[in-house]
>>> print(open('structure.pdb').read())   # PDB, C-alpha atoms
ATOM      1  CA  MET B1065      10.629 -80.510 -46.754
ATOM      2  CA  ILE B1066       9.905 -76.812 -46.885
ATOM      3  CA  SER B1067       8.105 -77.100 -50.233
ATOM      4  CA  LYS B1068       5.790 -79.776 -48.864
ATOM      5  CA  THR B1069       4.915 -77.597 -45.877
ATOM      6  CA  TRP B1070       4.059 -74.607 -48.085
ATOM      7  CA  SER B1071       1.942 -76.759 -50.369
ATOM      8  CA  ARG B1072      -0.088 -78.121 -47.500
ATOM      9  CA  LYS B1073      -1.008 -74.695 -46.121
ATOM     10  CA  PRO B1074      -3.072 -73.550 -49.151
ATOM     11  CA  ILE B1075      -4.837 -76.908 -49.250
ATOM     12  CA  ALA B1076      -5.720 -76.703 -45.566
ATOM     13  CA  ALA B1077      -6.974 -73.137 -46.011
ATOM     14  CA  CYS B1078      -9.177 -74.157 -48.941
ATOM     15  CA  VAL B1079     -10.612 -77.049 -46.969
ATOM     16  CA  ALA B1080     -11.391 -74.738 -44.018
ATOM     17  CA  VAL B1081     -13.114 -72.231 -46.280
ATOM     18  CA  ALA B1082     -15.171 -74.983 -47.900
ATOM     19  CA  ILE B1083     -16.267 -76.375 -44.537
ATOM     20  CA  LEU B1084     -17.205 -72.910 -43.294
ATOM     21  CA  SER B1085     -19.216 -72.222 -46.443
ATOM     22  CA  VAL B1086     -21.150 -75.483 -46.171
ATOM     23  CA  TYR B1087     -21.847 -74.870 -42.478
ATOM     24  CA  SER B1088     -23.114 -71.339 -43.187
ATOM     25  CA  MET B1089     -25.440 -72.593 -45.918
ATOM     26  CA  VAL B1090     -26.879 -75.242 -43.598
ATOM     27  CA  VAL B1091     -27.479 -72.734 -40.805
ATOM     28  CA  LEU B1092     -29.112 -70.203 -43.098
ATOM     29  CA  ALA B1093     -31.318 -72.856 -44.658
ATOM     30  CA  SER B1094     -32.485 -74.258 -41.315
ATOM     31  CA  PRO B1095     -36.034 -73.333 -40.150
ATOM     32  CA  ALA B1096     -34.723 -71.812 -36.921
ATOM     33  CA  ALA B1097     -32.637 -69.301 -38.852
ATOM     34  CA  LYS B1098     -35.559 -68.102 -40.962
ATOM     35  CA  ALA B1099     -37.867 -65.687 -39.159
ATOM     36  CA  PRO B1100     -41.575 -66.414 -39.665
ATOM     37  CA  SER B1101     -43.497 -63.943 -41.782
ATOM     38  CA  GLY B1102     -46.953 -63.388 -43.225
ATOM     39  CA  GLN B1103     -48.400 -62.233 -46.508
ATOM     40  CA  LEU B1104     -50.720 -59.248 -46.586
ATOM     41  CA  SER B1105     -53.928 -58.780 -48.541
ATOM     42  CA  VAL B1106     -55.539 -55.329 -48.387
ATOM     43  CA  THR B1107     -58.585 -53.434 -49.536
ATOM     44  CA  GLY B1108     -58.508 -49.656 -49.418
ATOM     45  CA  GLN B1109     -55.885 -47.739 -47.458
ATOM     46  CA  VAL B1110     -53.722 -49.784 -45.086
ATOM     47  CA  THR B1111     -50.412 -48.903 -43.440
ATOM     48  CA  VAL B1112     -47.740 -51.133 -41.918
ATOM     49  CA  ASN B1113     -45.425 -49.391 -39.465
ATOM     50  CA  GLY B1114     -46.720 -46.058 -40.747
ATOM     51  CA  GLU B1115     -46.046 -46.787 -44.420
ATOM     52  CA  ASN B1116     -48.717 -47.333 -47.059
ATOM     53  CA  THR B1117     -48.780 -50.913 -48.281
ATOM     54  CA  VAL B1118     -50.372 -53.085 -50.968
ATOM     55  CA  SER B1119     -51.522 -56.671 -51.335
ATOM     56  CA  GLY B1120     -48.684 -59.156 -51.517
ATOM     57  CA  ALA B1121     -46.438 -57.312 -49.089
ATOM     58  CA  THR B1122     -44.564 -59.317 -46.461
ATOM     59  CA  VAL B1123     -45.397 -58.756 -42.807
ATOM     60  CA  PHE B1124     -42.865 -59.584 -40.100
ATOM     61  CA  SER B1125     -43.339 -60.000 -36.367
ATOM     62  CA  ASP B1126     -43.884 -56.853 -34.286
ATOM     63  CA  SER B1127     -45.514 -54.986 -37.178
ATOM     64  CA  SER B1128     -48.132 -52.307 -36.524
ATOM     65  CA  ILE B1129     -51.046 -52.503 -38.964
ATOM     66  CA  THR B1130     -53.662 -49.758 -39.325
ATOM     67  CA  THR B1131     -56.723 -49.712 -41.578
ATOM     68  CA  ALA B1132     -58.506 -46.568 -42.687
ATOM     69  CA  ASP B1133     -62.265 -46.099 -43.030
ATOM     70  CA  LYS B1134     -63.834 -48.574 -45.490
ATOM     71  CA  SER B1135     -60.562 -50.515 -45.601
ATOM     72  CA  ASN B1136     -59.476 -53.915 -44.294
ATOM     73  CA  ALA B1137     -56.435 -56.146 -44.154
ATOM     74  CA  THR B1138     -55.785 -59.888 -43.912
ATOM     75  CA  VAL B1139     -52.479 -61.353 -42.754
ATOM     76  CA  ASN B1140     -52.008 -64.943 -43.891
ATOM     77  CA  LEU B1141     -49.554 -66.586 -41.514
ATOM     78  CA  SER B1142     -49.396 -69.934 -43.316
ATOM     79  CA  LYS B1143     -49.060 -72.687 -40.690
ATOM     80  CA  LEU B1144     -50.068 -70.365 -37.838
ATOM     81  CA  GLY B1145     -53.409 -69.194 -39.200
ATOM     82  CA  ARG B1146     -54.580 -65.763 -40.233
ATOM     83  CA  VAL B1147     -55.691 -62.414 -38.829
ATOM     84  CA  GLU B1148     -58.348 -60.241 -40.477
ATOM     85  CA  LEU B1149     -58.484 -56.594 -39.483
ATOM     86  CA  ALA B1150     -61.692 -54.604 -40.018
ATOM     87  CA  SER B1151     -61.876 -50.945 -41.036
ATOM     88  CA  THR B1152     -60.654 -48.194 -38.680
ATOM     89  CA  SER B1153     -58.614 -50.685 -36.653
ATOM     90  CA  SER B1154     -55.111 -50.592 -35.232
ATOM     91  CA  LEU B1155     -53.158 -53.714 -34.270
ATOM     92  CA  LYS B1156     -49.590 -54.559 -33.333
ATOM     93  CA  LEU B1157     -49.039 -58.148 -34.437
ATOM     94  CA  SER B1158     -46.290 -60.434 -33.157
ATOM     95  CA  PHE B1159     -45.735 -64.130 -33.791
ATOM     96  CA  THR B1160     -43.341 -67.049 -33.445
ATOM     97  CA  GLU B1161     -43.503 -70.573 -34.819
ATOM     98  CA  LYS B1162     -45.862 -71.630 -32.018
ATOM     99  CA  SER B1163     -47.612 -68.487 -30.848
ATOM    100  CA  LEU B1164     -49.598 -65.492 -32.021
ATOM    101  CA  MET B1165     -49.795 -62.244 -30.062
ATOM    102  CA  GLY B1166     -51.594 -58.989 -30.685
ATOM    103  CA  LEU B1167     -52.171 -55.588 -29.100
ATOM    104  CA  LEU B1168     -55.495 -54.227 -30.365
ATOM    105  CA  ASP B1169     -55.824 -50.493 -29.739
ATOM    106  CA  ASN B1170     -59.167 -50.068 -31.447
ATOM    107  CA  GLY B1171     -61.404 -51.678 -34.025
ATOM    108  CA  SER B1172     -61.997 -55.353 -34.645
ATOM    109  CA  ALA B1173     -59.856 -58.389 -35.460
ATOM    110  CA  HIS B1174     -60.944 -61.864 -36.551
ATOM    111  CA  VAL B1175     -58.361 -64.507 -35.627
ATOM    112  CA  SER B1176     -58.200 -68.083 -36.898
ATOM    113  CA  THR B1177     -55.517 -70.494 -35.698
ATOM    114  CA  VAL B1178     -54.729 -74.189 -36.007
ATOM    115  CA  ALA B1179     -54.143 -76.656 -33.180
ATOM    116  CA  GLY B1180     -50.822 -76.201 -31.431
ATOM    117  CA  ILE B1181     -50.764 -72.395 -31.709
ATOM    118  CA  ALA B1182     -51.196 -70.385 -28.515
ATOM    119  CA  VAL B1183     -52.866 -66.976 -28.785
ATOM    120  CA  ASN B1184     -52.680 -63.894 -26.593
ATOM    121  CA  PHE B1185     -54.541 -60.772 -27.742
ATOM    122  CA  THR B1186     -54.479 -57.782 -25.407
ATOM    123  CA  THR B1187     -56.741 -54.724 -25.283
ATOM    124  CA  SER B1188     -56.978 -51.866 -22.800
ATOM    125  CA  ASP B1189     -59.747 -53.768 -20.971
ATOM    126  CA  GLY B1190     -58.694 -57.410 -21.007
ATOM    127  CA  VAL B1191     -56.817 -60.283 -22.624
ATOM    128  CA  VAL B1192     -58.078 -62.963 -25.006
ATOM    129  CA  VAL B1193     -56.215 -66.243 -24.467
ATOM    130  CA  VAL B1194     -56.245 -69.482 -26.472
ATOM    131  CA  ASP B1195     -54.209 -72.411 -25.128
ATOM    132  CA  GLY B1196     -53.643 -74.005 -28.542
ATOM    133  CA  SER B1197     -55.154 -77.371 -27.664
ATOM    134  CA  GLN B1198     -57.474 -77.136 -30.673
ATOM    135  CA  ALA B1199     -58.139 -75.051 -33.754
ATOM    136  CA  THR B1200     -59.865 -71.835 -32.709
ATOM    137  CA  SER B1201     -61.598 -68.924 -34.398
ATOM    138  CA  PHE B1202     -62.769 -65.775 -32.625
ATOM    139  CA  THR B1203     -63.489 -62.085 -33.119
ATOM    140  CA  VAL B1204     -62.334 -59.455 -30.630
ATOM    141  CA  SER B1205     -63.501 -55.847 -30.829
ATOM    142  CA  VAL B1206     -62.787 -52.636 -28.946
ATOM    143  CA  VAL B1207     -65.616 -50.091 -29.143
ATOM    144  CA  LYS B1208     -66.137 -47.099 -26.811
ATOM    145  CA  GLY B1209     -64.170 -48.552 -23.910
ATOM    146  CA  VAL B1210     -65.670 -52.048 -24.095
ATOM    147  CA  THR B1211     -63.900 -55.190 -25.288
ATOM    148  CA  SER B1212     -66.157 -57.868 -26.740
ATOM    149  CA  LEU B1213     -65.211 -61.446 -27.606
ATOM    150  CA  THR B1214     -67.195 -63.840 -29.770
ATOM    151  CA  THR B1215     -65.910 -67.382 -30.283
ATOM    152  CA  HIS B1216     -66.823 -69.066 -33.566
ATOM    153  CA  SER B1217     -65.038 -72.394 -33.056
ATOM    154  CA  GLY B1218     -62.963 -73.916 -30.272
ATOM    155  CA  VAL B1219     -62.685 -72.236 -26.871
ATOM    156  CA  ALA B1220     -61.209 -68.851 -25.890
ATOM    157  CA  GLU B1221     -60.830 -67.071 -22.565
ATOM    158  CA  LEU B1222     -61.521 -63.425 -21.795
ATOM    159  CA  ARG B1223     -59.485 -62.311 -18.805
ATOM    160  CA  GLU B1224     -60.187 -59.065 -16.970
ATOM    161  CA  GLY B1225     -58.202 -58.492 -13.811
ATOM    162  CA  GLY B1226     -58.693 -61.627 -11.720
ATOM    163  CA  SER B1227     -61.792 -62.689 -13.655
ATOM    164  CA  VAL B1228     -61.606 -65.424 -16.319
ATOM    165  CA  LYS B1229     -64.534 -66.123 -18.647
ATOM    166  CA  GLN B1230     -64.563 -69.308 -20.724
ATOM    167  CA  VAL B1231     -66.165 -68.482 -24.073
ATOM    168  CA  ALA B1232     -67.080 -71.551 -26.113
ATOM    169  CA  ALA B1233     -68.165 -71.647 -29.750
ATOM    170  CA  GLY B1234     -71.303 -69.592 -30.316
ATOM    171  CA  GLU B1235     -70.874 -67.605 -27.087
ATOM    172  CA  SER B1236     -69.840 -64.019 -26.357
ATOM    173  CA  ALA B1237     -68.452 -62.046 -23.429
ATOM    174  CA  VAL B1238     -67.530 -58.437 -22.682
ATOM    175  CA  ALA B1239     -64.993 -56.645 -20.506
ATOM    176  CA  GLY B1240     -64.426 -53.017 -19.587
ATOM    177  CA  THR B1241     -66.620 -50.040 -18.793
ATOM    178  CA  PRO B1242     -68.346 -47.909 -21.444
ATOM    179  CA  ASP B1243     -66.921 -44.425 -21.848
ATOM    180  CA  ALA B1244     -68.938 -41.782 -20.008
ATOM    181  CA  LYS B1245     -70.925 -39.488 -22.272
ATOM    182  CA  THR B1246     -69.092 -36.202 -22.511
ATOM    183  CA  ASP B1247     -71.326 -33.299 -23.475
ATOM    184  CA  PRO B1248     -70.006 -29.717 -23.527
ATOM    185  CA  GLY B1249     -71.080 -27.297 -20.813
ATOM    186  CA  ASP B1250     -71.461 -27.402 -17.061
ATOM    187  CA  ASP B1251     -73.519 -30.240 -15.603
ATOM    188  CA  ASP B1252     -75.218 -27.792 -13.243
ATOM    189  CA  ASP B1253     -76.628 -25.903 -16.212
ATOM    190  CA  LYS B1254     -78.102 -29.030 -17.813
ATOM    191  CA  LEU B1255     -81.689 -30.162 -17.395
ATOM    192  CA  SER B1256     -82.739 -33.750 -17.164
ATOM    193  CA  GLY B1257     -85.376 -35.154 -19.493
ATOM    194  CA  GLY B1258     -88.024 -34.943 -16.748
ATOM    195  CA  GLU B1259     -87.169 -31.358 -15.930
ATOM    196  CA  THR B1260     -87.329 -30.380 -19.586
ATOM    197  CA  ALA B1261     -90.717 -32.078 -19.997
ATOM    198  CA  ALA B1262     -92.073 -30.310 -16.906
ATOM    199  CA  LEU B1263     -90.992 -26.941 -18.227
ATOM    200  CA  LEU B1264     -92.612 -27.644 -21.579
ATOM    201  CA  ILE B1265     -95.879 -28.593 -19.868
ATOM    202  CA  LEU B1266     -95.825 -25.454 -17.727
ATOM    203  CA  GLY B1267     -95.102 -23.314 -20.760
ATOM    204  CA  ALA B1268     -97.918 -24.897 -22.706
ATOM    205  CA  GLY B1269    -100.311 -24.311 -19.793
ATOM    206  CA  ALA B1270     -99.347 -20.674 -19.551
ATOM    207  CA  ILE B1271     -99.895 -20.140 -23.259
ATOM    208  CA  ALA B1272    -103.260 -21.875 -23.090
ATOM    209  CA  GLY B1273    -104.287 -19.624 -20.180
ATOM    210  CA  ILE B1274    -103.344 -16.478 -22.065
ATOM    211  CA  LEU B1275    -105.264 -17.586 -25.130
ATOM    212  CA  TYR B1276    -108.300 -18.447 -23.014
ATOM    213  CA  ALA B1277    -108.213 -15.034 -21.373
ATOM    214  CA  ALA B1278    -107.927 -13.288 -24.715
ATOM    215  CA  MET B1279    -111.026 -15.074 -25.976
ATOM    216  CA  HIS B1280    -113.057 -14.420 -22.782
ATOM    217  CA  ASP B1281    -112.639 -10.682 -22.249
ATOM    218  CA  ASN B1282    -109.362 -10.980 -20.301
ATOM    219  CA  ASP B1283    -111.063 -12.812 -17.393
ATOM    220  CA  LEU B1284    -108.805 -15.303 -15.625
ATOM    221  CA  ASN B1285    -110.472 -17.503 -12.995
ATOM    222  CA  PHE B1286    -108.469 -20.228 -11.311
ATOM    223  CA  GLY B1287    -111.049 -20.905  -8.620
ATOM    224  CA  GLY B1288    -112.442 -18.425  -6.111
ATOM    225  CA  ASN B1289    -113.145 -14.807  -6.936
ATOM    226  CA  ALA B1290    -112.644 -13.757 -10.486
ATOM    227  CA  ILE B1291    -109.861 -11.317 -11.204
ATOM    228  CA  ILE B1292    -110.781  -8.808 -13.884
ATOM    229  CA  ILE B1293    -107.891  -7.361 -15.805
ATOM    230  CA  SER B1294    -108.785  -4.049 -17.407
ATOM    231  CA  PRO B1295    -106.648  -2.285 -19.938
ATOM    232  CA  SER B1296    -105.003   0.857 -18.580
ATOM    233  CA  LYS B1297    -106.661   4.068 -19.517
TER     234      LYS B1297
END
>>> encode(input="structure.pdb", output="structure tokens")
Amino acid sequence: MISKTWSRKPIAACVAVAILSVYSMVVLASPAAKAPSGQLSVTGQVTVNGENTVSGATVFSDSSITTADKSNATVNLSKLGRVELASTSSLKLSFTEKSLMGLLDNGSAHVSTVAGIAVNFTTSDGVVVVDGSQATSFTVSVVKGVTSLTTHSGVAELREGGSVKQVAAGESAVAGTPDAKTDPGDDDDKLSGGETAALLILGAGAIAGILYAAMHDNDLNFGGNAIIISPSK
């Protein structure tokens, strides 16, 4: 009786371990357990999360991608689409199985997605939104305080505050206010273009008058009695 009980315990333990192993393999192999990722293709100097990277590297959600001057990067997201980052650009890229999100600090990004993928790209001036009802391709850029959106296929929205602009294929829209020109020095000490031109004209007139006087025995006549300027003795 006792021997049978002891023999059953190891068998039951082995069965439990086997079941647990099979269950773990199924869970790990399921799509939900595998985080989506993208493959990177680069030209020039590109960093991901502050580290230099090369073509073929894997990009995971919430990665920050930065391209140097004369450099670019493309993230191929397989079933989601792809994101192409132009030179001198900085983007934080996030994605799930059904959505694509980005935070573009500066530069330009070209985004292509398939139907069923929602897109939300945010800049300091506005938000580019795609509802995912159809395949869409667009370019969003941030230059000198202005966000510009150009849609190449499908339809995208550019939202700024309470304003929503529908941007269809072949159309463009902008949001934001251009940065004010910041020149060194006090504004009170600056001359406008008109003021500068007036001073130049006055200066030229004065020089012409002096030359005229020099060639006509120092006589200056502006109307009325002539004023004779004699050299001091």
>>> resolve_selection(input="structure.pdb", expression="the PyMOL selection byres ((chain B and resi 1173) around 9)", output="list in words")
Val1147, Glu1148, Leu1149, Ala1150, Ser1153, Leu1155, Leu1168, Gly1171, Ser1172, His1174, Val1175, Phe1202, Thr1203, Val1204 and Ser1205 of chain B
>>> resolve_selection(input="structure.pdb", expression="the PyMOL selection byres ((chain B and resi 1139) around 10)", output="list in words")
Ser1101, Gly1102, Gln1103, Leu1104, Ser1105, Val1106, Ser1119, Gly1120, Ala1121, Thr1122, Val1123, Ile1129, Ala1137, Thr1138, Asn1140, Leu1141, Ser1142, Gly1145, Arg1146, Val1147, Glu1148, Leu1149, Leu1157 and Val1175 of chain B
>>> atom_distance(input="structure.pdb", atom1="CA of Phe1124 in chain B", atom2="CA of Ala1099 in chain B")
7.9 Å
>>> resolve_selection(input="structure.pdb", expression="the PyMOL selection byres ((chain B and resi 1177) around 8)", output="PDB file with C-alpha atoms, in the coordinates of the input")
ATOM      1  CA  LEU B1144     -50.068 -70.365 -37.838  1.00  0.00           C
ATOM      2  CA  GLY B1145     -53.409 -69.194 -39.200  1.00  0.00           C
ATOM      3  CA  ARG B1146     -54.580 -65.763 -40.233  1.00  0.00           C
ATOM      4  CA  VAL B1175     -58.361 -64.507 -35.627  1.00  0.00           C
ATOM      5  CA  SER B1176     -58.200 -68.083 -36.898  1.00  0.00           C
ATOM      6  CA  VAL B1178     -54.729 -74.189 -36.007  1.00  0.00           C
ATOM      7  CA  ALA B1179     -54.143 -76.656 -33.180  1.00  0.00           C
ATOM      8  CA  ILE B1181     -50.764 -72.395 -31.709  1.00  0.00           C
ATOM      9  CA  ALA B1199     -58.139 -75.051 -33.754  1.00  0.00           C
ATOM     10  CA  THR B1200     -59.865 -71.835 -32.709  1.00  0.00           C
ATOM     11  CA  SER B1201     -61.598 -68.924 -34.398  1.00  0.00           C
TER      12      SER B1201
END
>>> atom_distance(input="structure.pdb", atom1="CA of Val1193 in chain B", atom2="CA of Asn1113 in chain B")
25.0 Å
>>> residues_around(input="structure.pdb", residues="range 1161-1163 of chain B", least_positions_apart="5", cutoff="7 Å", atoms="all atoms listed in the file", output="list in words")
Pro1100, Gly1180, Ile1181, Ala1182 and Val1183 of chain B
>>> residues_around(input="structure.pdb", residues="Gly1114 in chain B", least_positions_apart="3", cutoff="9 Å", atoms="only C-alpha atoms", output="ChimeraX atom specification")
/B:1111,1128-1130
>>> closest_residue(input="structure.pdb", among="B:Asn1136, B:Thr1152, B:Gln1230, B:Gly1240", to="Thr1187 in chain B", atoms="all atoms listed in the file")
B:Gly1240
>>> closest_residue(input="structure.pdb", among="B:Gln1198, B:Ser1151, B:Gly1225, B:Val1238", to="Leu1213 in chain B", atoms="only C-alpha atoms")
B:Val1238
>>> atom_distance(input="structure.pdb", atom1="CA of Val1206 in chain B", atom2="CA of Gly1226 in chain B")
19.9 Å
>>> residues_around(input="structure.pdb", residues="Glu1235 in chain B", least_positions_apart="3", cutoff="7 Å", atoms="all atoms listed in the file", output="PyMOL selection string")
chain B and resi 1214-1215+1231-1232
>>> residues_around(input="structure.pdb", residues="Lys1156 in chain B", least_positions_apart="2", cutoff="10 Å", atoms="only C-alpha atoms", output="number ranges by chain")
B: 1112-1113, 1125-1130, 1154, 1158, 1165-1169, 1185-1186
